[in-house]
Amino acid sequence: MIFPPVEELFEGVRNGDRAMLARGITLMESAHPDHRERAKALLDACLPLSGTAIRIGITGAPGTGKSTFIESLGVRLAMHENRRVAVLAYDPASERTGGSILGDKTRMTRLATHPNAFVRPAPGKRRAGGIGDGTRQSIILCEAAGYDTVFVETVGSGQAETTVSDMVDLLMLLTLPGSGDELQGVKRGVMEEADIVVFTKEDAHTPKAMRLDARRMKAALRLFPPKESGWTPTVHTCSAQKESGLDMIRKDMREYERLVKSSEYLARRRRKQIGCWLRETLEARLLETARADASVNRLLEKYEERAARREIAVAAAADLVLKAFMEGERGEAD
Ligand SMILES: Nc1nc2c(ncn2[C@@H]2O[C@H](COP(=O)(O)OP(=O)(O)OP(=O)(O)O)[C@@H](O)[C@H]2O)c(=O)[nH]1
Ligand SMILES: [Mg+2]
């Protein structure tokens with residue numbers, strides 16, 4: 001893919017040009033070595049303009065209605081609060097198909113056509129630099145483009161090393177009524193991190209079942225230790241399709257935002273996230289460098305043979321390869 005020069009991309013992003021923003025994000029996601037320097041330059045240019053939005057993670061098991069929810073809520077935020085809404089939706093289905101098919105729900109056509117919104121259905125390709133790398137960079141670009149509300153949709157399987165809560169300010173967990181304690185495979189950890197829990201599709205369930213589940217969830221959340229933010233997690237029921245229950249959620253979002261922005265908490269949380277991002281990136285770079293190192297690969301083969309013959313233990317062989325790699329790196333630096 002051919003990209004415009006970085007200055008042009010940056011100007012486009014800064015002026016809120018959605019096509020340029022989309023291309024900028026594609027550049028960030030590109031694994032092509034030629035694109036790396038330009039991606040870095042674009043990110044550097046955007047950094048001073050970032051940090052301004054409220055970043056909201058929407059997580060939940062596949063099919064809970066995350067995309068539909070973001071769309072309905074997003075349209076309301078844009079319409080009633082004049083918010084500029086960006087959505088980064090990572091579509092697990094397109095990951096399976098290699099990114100060629102994106103469902104209508106992920107495209108969020110109603111929101112995407114709103115002049116105050118930007119929807120980016122990303123195939124969620126995981127490349128070196130940590131799974132969150134592309135998403136974090138995309139958030140920065142969206143903020144530089146003037147979006148004040150950024151949604152990140154992910155499947156809360158809890159398998160990823162980086163969870164969405166490591167990159168957002170507010171985490172919403174979506175779940176279906178009647179899904180029981182195990183929350184359809186969503187890990188307990190995600191429940192503990194959630195600031196707002198939403199039972200979706202209330203139009204398809206009896207009010208009694210919804211109330212019961214909400215009550216149980218509230219009781220379960222009370223067992224977790226109090227949050228550092230000072231926020232007490234809330235529980236809601238809604239239907240994104242019938243547009244019910246959404247305004248209460250909007251109200252909570254505003255209150256949460258006010259709370260975390262009026263204390264040191266948001267700054268502290270973001271600082272912690274940066275530290276996490278830096279370490280993750282460094283780890284990925286180290287791995288990448290070691291994997292590309294010819295002498296490491298030669299030694300690996302040699303020790304693999306020897307380990308297979310049981311002449312050396314695997315841990316001892318790994319130590320020797322690591323030692324040789326570090327000495328080689330030091331030698332080069334001299
Ligand atoms: N009855 C009803 N159906 C809904 C509601 N919200 C979503 N759905 C339906 O549930 C299905 C899944 O919705 P999505 O919004 O794609 O769910 P998702 O959580 O984003 O799904 P993945 O991204 O694939 O994990 C679709 O068929 C929606 O039409 C709702 O409020 N009520
Ligand atoms: Mg979805």
# chains A, B, ... in the order shown; residues from 1 in each chain; ligands from 1
>>> residues_near_ligand(ligand="ligand 1", cutoff="7 Å", atoms="only C-alpha atoms and all ligand atoms", output="list in words")
Gly60, Ala61, Pro62, Gly63, Thr64, Gly65, Lys66, Ser67, Thr68, Phe69, Asp91, Pro92, Ala93, Lys105, Thr106, Val155, Thr200, Lys201, Glu202, Asp203, Ala204, Cys238, Ser239, Ala240, Gln241 and Lys242 of chain A
>>> closest_residue(among="A:Asp166, A:Glu304, A:Asp17, A:Asp247", to="Tyr147 (chain A)", atoms="only C-alpha atoms")
A:Asp17
>>> closest_residue(among="A:Ser263, A:Asn82, A:Thr175, A:Thr232", to="Ile58 (chain A)", atoms="only C-alpha atoms")
A:Thr175
>>> select_by_dssp(residues="region 27-75 of chain A", states="helix (DSSP H, G or I)", output="ChimeraX atom specification")
/A:27-29,33-49,66-75
>>> write_last_selection(atoms="N, CA and C atoms", output="short mmCIF file (atom, residue, chain, number, x, y, z; two decimals), in the first residue's frame")
data_model
loop_
_atom_site.label_atom_id
_atom_site.label_comp_id
_atom_site.auth_asym_id
_atom_site.auth_seq_id
_atom_site.Cartn_x
_atom_site.Cartn_y
_atom_site.Cartn_z
N LEU A 27 -1.33 2.61 8.39
CA LEU A 27 0.14 2.72 8.43
C LEU A 27 0.68 2.19 9.77
N MET A 28 0.00 2.54 10.85
CA MET A 28 0.41 2.06 12.19
C MET A 28 0.37 0.54 12.28
N GLU A 29 -0.63 -0.02 11.61
CA GLU A 29 -0.82 -1.47 11.71
C GLU A 29 0.09 -2.25 10.78
N PRO A 33 8.61 -3.30 7.11
CA PRO A 33 9.71 -2.54 7.72
C PRO A 33 9.83 -1.11 7.16
N ASP A 34 9.49 -0.91 5.89
CA ASP A 34 9.58 0.44 5.29
C ASP A 34 8.61 1.41 5.94
N HIS A 35 7.56 0.87 6.51
CA HIS A 35 6.53 1.75 7.07
C HIS A 35 6.81 2.15 8.50
N ARG A 36 7.71 1.42 9.12
CA ARG A 36 7.94 1.62 10.56
C ARG A 36 8.36 3.04 10.92
N GLU A 37 9.35 3.55 10.19
CA GLU A 37 9.87 4.88 10.51
C GLU A 37 8.79 5.93 10.32
N ARG A 38 8.03 5.76 9.24
CA ARG A 38 6.98 6.76 8.97
C ARG A 38 5.88 6.67 10.01
N ALA A 39 5.57 5.45 10.42
CA ALA A 39 4.55 5.30 11.46
C ALA A 39 5.01 5.98 12.73
N LYS A 40 6.28 5.81 13.03
CA LYS A 40 6.84 6.44 14.24
C LYS A 40 6.76 7.96 14.14
N ALA A 41 7.10 8.49 12.97
CA ALA A 41 7.09 9.95 12.80
C ALA A 41 5.66 10.49 12.93
N LEU A 42 4.71 9.76 12.37
CA LEU A 42 3.32 10.21 12.46
C LEU A 42 2.85 10.18 13.92
N LEU A 43 3.21 9.12 14.60
CA LEU A 43 2.82 9.00 16.00
C LEU A 43 3.43 10.12 16.84
N ASP A 44 4.71 10.40 16.59
CA ASP A 44 5.38 11.49 17.31
C ASP A 44 4.66 12.82 17.10
N ALA A 45 4.24 13.05 15.86
CA ALA A 45 3.56 14.31 15.55
C ALA A 45 2.20 14.38 16.27
N CYS A 46 1.55 13.23 16.39
CA CYS A 46 0.20 13.20 16.98
C CYS A 46 0.22 13.23 18.50
N LEU A 47 1.31 12.74 19.08
CA LEU A 47 1.36 12.59 20.55
C LEU A 47 0.96 13.85 21.34
N PRO A 48 1.53 15.03 20.98
CA PRO A 48 1.18 16.21 21.78
C PRO A 48 -0.31 16.56 21.73
N LEU A 49 -1.01 16.06 20.72
CA LEU A 49 -2.44 16.38 20.59
C LEU A 49 -3.32 15.32 21.24
N LYS A 66 -22.11 -6.30 21.62
CA LYS A 66 -21.19 -5.17 21.86
C LYS A 66 -21.27 -4.13 20.74
N SER A 67 -21.19 -4.60 19.50
CA SER A 67 -21.19 -3.65 18.38
C SER A 67 -22.50 -2.90 18.29
N THR A 68 -23.59 -3.60 18.46
CA THR A 68 -24.91 -2.97 18.39
C THR A 68 -25.04 -1.92 19.50
N PHE A 69 -24.53 -2.27 20.67
CA PHE A 69 -24.57 -1.38 21.82
C PHE A 69 -23.75 -0.10 21.55
N ILE A 70 -22.53 -0.29 21.08
CA ILE A 70 -21.67 0.88 20.80
C ILE A 70 -22.33 1.78 19.78
N GLU A 71 -22.94 1.16 18.77
CA GLU A 71 -23.58 1.96 17.74
C GLU A 71 -24.73 2.80 18.32
N SER A 72 -25.62 2.15 19.05
CA SER A 72 -26.77 2.89 19.60
C SER A 72 -26.33 3.97 20.58
N LEU A 73 -25.39 3.61 21.44
CA LEU A 73 -24.90 4.56 22.42
C LEU A 73 -24.13 5.69 21.72
N GLY A 74 -23.31 5.30 20.76
CA GLY A 74 -22.49 6.27 20.02
C GLY A 74 -23.34 7.30 19.30
N VAL A 75 -24.41 6.86 18.67
CA VAL A 75 -25.29 7.78 17.95
C VAL A 75 -25.90 8.78 18.94
#
>>> atom_distance(atom1="CA of Ala53 (chain A)", atom2="CA of Glu143 (chain A)")
6.2 Å
>>> residues_around(residues="region 77-80 of chain A", least_positions_apart="5", cutoff="9 Å", atoms="only C-alpha atoms", output="count of residues only")
9
>>> decode(residues="region 213-271 of chain A", atoms="C-alpha atoms", output="CSV table (one decimal), in the first residue's frame")
chain,number,residue,atom,x,y,z
A,213,ASP,CA,-29.6,-11.1,37.2
A,214,ALA,CA,-28.9,-7.4,37.8
A,215,ARG,CA,-29.4,-7.9,41.6
A,216,ARG,CA,-27.2,-11.0,41.6
A,217,MET,CA,-24.5,-9.1,39.7
A,218,LYS,CA,-24.6,-6.1,42.1
A,219,ALA,CA,-24.2,-8.5,45.0
A,220,ALA,CA,-21.3,-10.2,43.3
A,221,LEU,CA,-19.5,-6.9,42.6
A,222,ARG,CA,-19.8,-5.9,46.2
A,223,LEU,CA,-17.4,-8.7,47.1
A,224,PHE,CA,-14.6,-7.2,45.2
A,225,PRO,CA,-12.3,-4.7,47.0
A,226,PRO,CA,-13.1,-1.0,46.5
A,227,LYS,CA,-11.7,0.6,43.3
A,228,GLU,CA,-8.8,2.9,43.4
A,229,SER,CA,-10.8,5.4,41.3
A,230,GLY,CA,-13.3,5.7,44.1
A,231,TRP,CA,-16.0,4.6,41.7
A,232,THR,CA,-18.6,2.0,42.8
A,233,PRO,CA,-19.4,-0.2,39.8
A,234,THR,CA,-22.9,0.1,38.5
A,235,VAL,CA,-25.2,-2.5,36.9
A,236,HIS,CA,-27.7,-1.7,34.1
A,237,THR,CA,-30.0,-3.5,31.8
A,238,CYS,CA,-30.6,-2.3,28.2
A,239,SER,CA,-31.7,-3.1,24.7
A,240,ALA,CA,-29.4,-1.7,22.1
A,241,GLN,CA,-31.9,-2.8,19.4
A,242,LYS,CA,-35.0,-1.2,21.0
A,243,GLU,CA,-32.9,1.7,22.4
A,244,SER,CA,-34.0,1.2,26.0
A,245,GLY,CA,-31.8,1.8,29.1
A,246,LEU,CA,-29.1,3.7,27.2
A,247,ASP,CA,-29.6,7.1,28.8
A,248,MET,CA,-29.0,5.8,32.3
A,249,ILE,CA,-25.7,4.4,31.0
A,250,ARG,CA,-24.8,7.7,29.4
A,251,LYS,CA,-25.5,9.4,32.7
A,252,ASP,CA,-23.1,7.0,34.5
A,253,MET,CA,-20.4,7.6,31.9
A,254,ARG,CA,-20.6,11.3,32.5
A,255,GLU,CA,-20.4,10.9,36.2
A,256,TYR,CA,-17.5,8.5,35.9
A,257,GLU,CA,-15.7,10.9,33.7
A,258,ARG,CA,-16.2,13.8,36.1
A,259,LEU,CA,-15.0,11.7,39.0
A,260,VAL,CA,-11.8,10.5,37.4
A,261,LYS,CA,-10.9,13.8,35.8
A,262,SER,CA,-11.4,15.7,39.1
A,263,SER,CA,-8.9,13.6,40.9
A,264,GLU,CA,-5.3,12.4,40.3
A,265,TYR,CA,-6.6,9.0,39.4
A,266,LEU,CA,-6.8,9.3,35.6
A,267,ALA,CA,-3.3,10.7,35.3
A,268,ARG,CA,-2.0,7.9,37.5
A,269,ARG,CA,-3.8,5.2,35.6
A,270,ARG,CA,-2.6,6.5,32.3
A,271,ARG,CA,1.0,6.6,33.6
